[in-house]
file coords.txt (compact mmCIF, C-alpha atoms and all ligand atoms)
# COMPACT_ATOMS: atom_id res chain seq x y z
CA MET A 917 12.20 -27.16 13.20
CA THR A 918 11.51 -25.86 9.71
CA LYS A 919 11.37 -22.15 9.17
CA SER A 920 7.84 -20.84 8.65
CA ALA A 921 7.09 -19.52 5.16
CA TYR A 922 5.64 -16.48 6.89
CA GLN A 923 8.61 -15.64 9.05
CA ILE A 924 9.73 -12.06 8.49
CA PRO A 925 13.45 -11.90 7.60
CA GLU A 926 15.48 -10.93 10.63
CA SER A 927 16.81 -7.75 9.02
CA TYR A 928 13.24 -6.37 8.87
CA LEU A 929 12.16 -7.10 12.42
CA SER A 930 13.34 -3.61 13.39
CA GLY A 931 14.66 -0.49 11.71
CA ALA A 932 13.20 0.77 8.44
CA ALA A 933 10.87 -1.08 6.05
CA VAL A 934 12.46 -2.67 2.96
CA GLN A 935 13.82 0.24 0.93
CA CYS A 936 13.11 0.68 -2.74
CA CYS A 937 16.68 1.19 -3.87
CA GLU A 938 18.25 -1.14 -1.39
CA LYS A 939 21.54 -2.53 -2.66
CA GLN A 940 22.00 -5.41 -0.24
CA SER A 941 22.52 -8.85 -1.67
CA GLY A 942 19.93 -11.61 -1.41
CA HIS A 943 16.22 -11.87 -2.22
CA ASN A 944 15.26 -8.96 -0.04
CA THR A 945 16.85 -6.59 -2.54
CA CYS A 946 14.10 -7.18 -5.08
CA VAL A 947 11.19 -8.35 -2.94
CA LEU A 948 9.60 -4.94 -3.56
CA HIS A 949 9.87 -5.42 -7.32
CA HIS A 950 8.22 -8.80 -7.82
CA ARG A 951 4.53 -9.68 -8.02
CA CYS A 952 3.56 -11.22 -4.68
CA ARG A 953 2.04 -14.70 -4.57
CA PRO A 954 -1.35 -15.55 -3.06
CA VAL A 955 -1.67 -16.82 0.49
CA PRO A 956 -3.19 -20.35 0.54
CA ILE A 957 -6.59 -19.85 2.22
CA ALA A 958 -5.99 -22.78 4.58
CA ASP A 959 -2.92 -20.95 5.95
CA ILE A 960 -4.77 -17.79 7.00
CA THR A 961 -5.97 -19.07 10.37
CA HIS A 962 -2.72 -20.92 11.01
CA GLY A 963 -0.70 -19.69 13.99
CA ASP A 964 2.39 -18.75 11.98
CA PHE A 965 0.43 -16.56 9.61
CA GLN A 966 -1.62 -15.00 12.41
CA GLN A 967 1.58 -14.08 14.23
CA THR A 968 2.92 -12.45 11.07
CA LEU A 969 -0.29 -10.41 10.66
CA GLN A 970 -0.01 -9.17 14.24
CA PHE A 971 3.62 -8.31 13.78
CA ALA A 972 2.84 -6.39 10.59
CA ALA A 973 0.27 -4.34 12.52
CA PHE A 974 2.86 -3.62 15.20
CA ARG A 975 5.40 -2.54 12.56
CA ARG A 976 2.84 -0.26 10.87
CA GLN A 977 2.32 1.50 14.15
CA GLN A 978 6.02 1.63 14.94
CA LEU A 979 6.88 3.09 11.52
CA GLN A 980 3.87 5.44 11.64
CA GLY A 981 2.52 4.57 8.21
CA ILE A 982 -1.18 4.26 7.35
CA GLY A 983 -0.68 1.00 5.53
CA ILE A 984 2.02 -1.60 5.14
CA ALA A 985 2.33 -4.38 2.58
CA ALA A 986 3.88 -7.82 3.14
CA ASN A 987 6.78 -7.22 0.75
CA GLN A 988 7.73 -4.06 2.65
CA LEU A 989 8.55 -6.49 5.45
CA GLY A 990 10.42 -8.85 3.14
CA LEU A 991 7.58 -11.35 2.48
CA SER A 992 6.41 -11.86 -1.10
CA TYR A 993 2.77 -12.64 -0.27
CA GLN A 994 -0.47 -10.92 -1.19
CA PHE A 995 -1.53 -9.13 1.94
CA PHE A 996 -1.42 -5.69 3.47
CA LEU A 997 -3.11 -3.83 6.27
CA ILE A 998 -4.50 -0.33 6.68
CA GLU A 999 -5.03 1.49 9.98
CA ARG A 1000 -5.13 5.14 10.95
CA ASP A 1001 -5.82 6.72 14.28
CA PRO A 1002 -6.56 10.45 14.29
CA ALA A 1003 -3.22 11.20 15.98
CA ASN A 1004 -1.27 9.83 13.01
CA SER A 1005 0.49 12.76 11.37
CA ARG A 1006 1.26 11.00 8.11
CA TYR A 1007 -0.54 12.65 5.19
CA LYS A 1008 -1.93 15.10 7.70
CA THR A 1009 -4.08 17.59 5.88
CA ALA A 1010 -6.58 20.16 7.05
CA SER A 1011 -9.40 17.81 6.01
CA ASN A 1012 -8.24 14.49 7.43
CA ASN A 1013 -7.07 15.28 10.95
CA GLU A 1014 -9.95 13.31 12.42
CA VAL A 1015 -9.93 10.43 9.96
CA TYR A 1016 -10.12 7.10 11.77
CA ILE A 1017 -9.57 3.87 9.84
CA PRO A 1018 -9.90 0.71 11.96
CA LEU A 1019 -7.26 -1.98 11.54
CA THR A 1020 -8.19 -3.98 8.43
CA TYR A 1021 -6.24 -6.87 6.90
CA TYR A 1022 -6.56 -7.43 3.16
CA ILE A 1023 -5.44 -10.91 2.09
CA ASN A 1024 -5.41 -11.92 -1.61
CA PRO A 1025 -7.20 -8.69 -2.59
CA ILE A 1026 -8.78 -8.09 -6.00
CA ILE A 1027 -10.11 -4.78 -7.33
CA LYS A 1028 -13.36 -5.81 -9.01
CA GLN A 1029 -14.70 -2.43 -10.16
CA VAL A 1030 -13.66 1.21 -10.09
CA SER A 1031 -15.35 4.59 -10.50
CA ASP A 1032 -14.70 6.82 -13.48
CA GLU A 1033 -13.85 9.62 -11.05
CA CYS A 1034 -10.30 9.88 -9.75
CA VAL A 1035 -8.42 11.85 -7.13
CA CYS A 1036 -4.75 12.79 -7.06
CA LEU A 1037 -2.34 13.08 -4.20
CA TYR A 1038 1.39 13.47 -3.66
CA HIS A 1039 2.26 10.00 -2.37
CA ALA A 1040 5.03 9.15 0.07
CA CYS A 1041 6.06 5.68 1.22
CA LEU A 1042 7.77 3.84 4.09
CA SER A 1043 9.86 2.10 1.42
CA CYS A 1044 10.98 5.31 -0.30
CA VAL A 1045 12.52 7.17 2.61
CA GLY A 1046 14.38 10.21 1.33
CA ALA A 1047 12.64 10.18 -2.06
CA ASP A 1048 10.48 13.12 -3.15
CA ARG A 1049 6.70 12.79 -3.02
CA GLY A 1050 5.14 11.79 -6.35
CA LEU A 1051 1.81 12.91 -7.83
CA VAL A 1052 -0.36 9.89 -8.68
CA ALA A 1053 -4.06 9.50 -9.46
CA THR A 1054 -6.21 6.77 -7.91
CA TYR A 1055 -9.86 5.81 -8.45
CA LYS A 1056 -12.20 7.68 -6.12
CA ASP A 1057 -14.32 4.62 -5.31
CA ILE A 1058 -13.35 1.00 -5.66
CA TYR A 1059 -15.21 -2.26 -5.16
CA VAL A 1060 -12.89 -4.90 -3.74
CA GLU A 1061 -12.87 -8.53 -2.64
CA TYR A 1062 -10.41 -10.03 -0.20
CA PHE A 1063 -10.10 -12.44 2.72
CA ASN A 1064 -9.93 -11.11 6.25
CA GLU A 1065 -7.83 -12.48 9.12
CA LYS A 1066 -10.56 -15.06 9.90
CA ALA A 1067 -10.37 -16.39 6.30
CA GLU A 1068 -13.82 -14.94 5.55
CA LYS A 1069 -14.37 -13.64 2.03
CA ILE A 1070 -15.35 -9.98 2.13
CA SER A 1071 -16.78 -7.75 -0.62
CA ARG A 1072 -16.79 -4.02 0.05
CA GLN A 1073 -16.82 -0.62 -1.54
CA LEU A 1074 -14.04 1.70 -0.39
CA SER A 1075 -13.88 5.45 -0.81
CA GLY A 1076 -12.00 8.43 0.64
CA TRP A 1077 -8.64 7.79 2.27
CA GLU A 1078 -9.23 4.04 2.52
CA ALA A 1079 -9.55 3.79 -1.28
CA ILE A 1080 -6.37 5.83 -1.82
CA ILE A 1081 -4.29 3.84 0.66
CA PHE A 1082 -5.73 0.54 -0.62
CA GLN A 1083 -4.52 1.35 -4.16
CA HIS A 1084 -1.10 2.45 -2.85
CA GLU A 1085 -0.67 -0.84 -0.96
CA TYR A 1086 -2.13 -2.98 -3.76
CA ASN A 1087 0.47 -1.40 -6.08
CA HIS A 1088 3.16 -2.75 -3.72
CA LEU A 1089 1.80 -6.29 -4.16
CA LEU A 1090 2.18 -5.81 -7.93
CA GLY A 1091 5.91 -5.31 -7.33
CA ARG A 1092 5.82 -1.56 -7.79
CA THR A 1093 5.96 1.65 -5.81
CA TYR A 1094 4.68 5.15 -6.63
CA LEU A 1095 8.19 5.83 -8.01
CA ASN A 1096 7.33 3.46 -10.90
CA VAL A 1097 4.26 5.56 -11.71
CA ALA A 1098 4.68 9.26 -10.88
CA LYS A 1099 6.08 11.78 -13.34
CA GLU A 1100 5.89 14.87 -11.18
CA TYR A 1101 7.73 15.08 -7.87
CA ILE A 1102 8.07 17.58 -5.05
CA THR A 1103 9.95 17.63 -1.77
CA THR A 1104 7.83 17.58 1.39
CA GLU A 1105 9.37 20.93 2.38
CA GLN A 1106 8.34 22.53 -0.91
CA LEU A 1107 4.86 21.03 -0.72
CA LEU A 1108 4.39 22.46 2.77
CA THR A 1109 5.78 25.86 1.75
CA ASN A 1110 3.37 25.99 -1.20
CA ASN A 1111 0.36 25.15 0.97
CA ASP A 1112 0.63 27.20 4.16
CA GLY A 1113 2.39 24.46 6.09
CA LYS A 1114 -0.15 21.71 5.32
CA VAL A 1115 -0.11 18.77 2.95
CA PRO A 1116 -2.87 19.44 0.40
CA ALA A 1117 -5.90 17.15 0.60
CA PRO A 1118 -6.60 14.74 -2.27
CA ARG A 1119 -7.91 16.68 -5.25
CA ASP A 1120 -10.65 15.52 -7.64
CA VAL A 1121 -9.42 15.05 -11.16
CA THR A 1122 -11.73 14.33 -14.05
CA VAL A 1123 -9.13 14.40 -16.80
CA ILE A 1124 -6.01 12.53 -15.83
CA GLU A 1125 -3.99 12.64 -19.01
CA ASP A 1126 -1.16 14.46 -17.27
CA ILE A 1127 -1.34 12.56 -14.00
CA PRO A 1128 -0.50 8.85 -14.20
CA ILE A 1129 -2.91 6.40 -12.63
CA MET A 1130 -1.64 4.03 -9.91
CA ILE A 1131 -3.45 0.92 -11.21
CA PRO A 1132 -4.08 0.85 -14.98
CA ARG A 1133 -7.76 0.36 -15.85
CA GLU A 1134 -7.01 -2.79 -17.90
CA TRP A 1135 -5.77 -4.53 -14.75
CA ILE A 1136 -9.07 -4.08 -12.89
CA GLY A 1137 -10.77 -7.39 -12.23
CA MET A 1138 -7.56 -9.40 -12.64
CA ARG A 1139 -5.82 -11.41 -9.97
CA ILE A 1140 -2.38 -10.04 -9.08
CA GLU A 1141 -0.60 -13.23 -10.17
CA SER A 1142 -2.25 -13.14 -13.59
CA ILE A 1143 -1.09 -9.60 -14.42
CA THR A 1144 1.92 -10.26 -16.60
CA ASP A 1145 2.51 -7.06 -18.53
CA ASN A 1146 4.80 -4.43 -17.10
CA LYS A 1147 3.50 -0.92 -17.08
ZN ZN A 1201 4.24 2.43 0.20
call {"tool": "encode", "arguments": {"input": "coords.txt", "output": "structure tokens"}}
result
Amino acid sequence: MTKSAYQIPESYLSGAAVQCCEKQSGHNTCVLHHRCRPVPIADITHGDFQQTLQFAAFRRQQLQGIGIAANQLGLSYQFFLIERDPANSRYKTASNNEVYIPLTYYINPIIKQVSDECVCLYHACLSCVGADRGLVATYKDIYVEYFNEKAEKISRQLSGWEAIIFQHEYNHLLGRTYLNVAKEYITTEQLLTNNDGKVPAPRDVTVIEDIPIMIPREWIGMRIESITDNK
């Protein structure tokens, strides 16, 4: 039997997600640092791919992230998922304790349009365990297109936490993490100490010259595989 293209490498079936500075040999070392390739639309409803989607959702829950991208599980394909139940303590702030985001799969996503307004947040990541949190700006509202798990093409506007997490995960599919973007870092302990024991909520920023943006504006509207410059 041939191995499915969507089979998650055995080393990532349990334990941590693929780590950013991982020094193991083999393709998994750099899977986080390559642009991911599109999923053929005909494959989406195929059993192998469906199984992989379900497993990714299980791993997201197990690792207690809000989102997880395919290459964090060792697969260089353009998909990620976002899900948050109110009990999830990740990025817990005074304002988002009750935020519920239903499980949503984003396959071959494109960011079509973005707002001028941005927000900034100290990002953390399942693939950067032990690294400090990094301050990165993201667009406040985004208009995106993607395929869902039924291979239906969806167009939607995202805002709030969904927009922030979408841009974080999309950045993974570009072969980057927030560590490739942020200039200002802080430990979680320091962040909590500075803010009465809570992670600060996303903050509106109108001028972002000092805070780097997760997805450069010139990449908006482009397909991931056609973005060739390296910012
Ligand atoms: Zn991440």
call {"tool": "closest_residue", "arguments": {"input": "coords.txt", "among": "A:Phe996, A:Tyr1055, A:Tyr1101, A:Tyr1021", "to": "Glu1068 (chain A)", "atoms": "only C-alpha atoms"}}
result
A:Tyr1021
call {"tool": "residues_near_ligand", "arguments": {"input": "coords.txt", "ligand": "ligand ZN 1201 (chain A)", "cutoff": "7 Å", "atoms": "all atoms listed in the file", "output": "list in words"}}
result
Ile984, Ala1040, Cys1041, Leu1042, Ser1043, His1084, Glu1085, His1088 and Thr1093 of chain A
call {"tool": "write_last_selection", "arguments": {"input": "coords.txt", "atoms": "C-alpha atoms", "output": "mmCIF file, in the coordinates of the input"}}
result
data_model
loop_
_atom_site.group_PDB
_atom_site.id
_atom_site.type_symbol
_atom_site.label_atom_id
_atom_site.label_comp_id
_atom_site.auth_asym_id
_atom_site.auth_seq_id
_atom_site.Cartn_x
_atom_site.Cartn_y
_atom_site.Cartn_z
ATOM 1 C CA ILE A 984 2.020 -1.600 5.140
ATOM 2 C CA ALA A 1040 5.030 9.150 0.070
ATOM 3 C CA CYS A 1041 6.060 5.680 1.220
ATOM 4 C CA LEU A 1042 7.770 3.840 4.090
ATOM 5 C CA SER A 1043 9.860 2.100 1.420
ATOM 6 C CA HIS A 1084 -1.100 2.450 -2.850
ATOM 7 C CA GLU A 1085 -0.670 -0.840 -0.960
ATOM 8 C CA HIS A 1088 3.160 -2.750 -3.720
ATOM 9 C CA THR A 1093 5.960 1.650 -5.810
#
call {"tool": "atom_distance", "arguments": {"input": "coords.txt", "atom1": "CA of Pro1018 (chain A)", "atom2": "CA of Leu1037 (chain A)"}}
result
21.7 Å
call {"tool": "atom_distance", "arguments": {"input": "coords.txt", "atom1": "CA of Leu979 (chain A)", "atom2": "CA of Val1045 (chain A)"}}
result
11.3 Å
call {"tool": "closest_residue", "arguments": {"input": "coords.txt", "among": "A:Asp959, A:Val1052, A:Glu1078, A:Asp1032", "to": "Val1015 (chain A)", "atoms": "all atoms listed in the file"}}
result
A:Glu1078
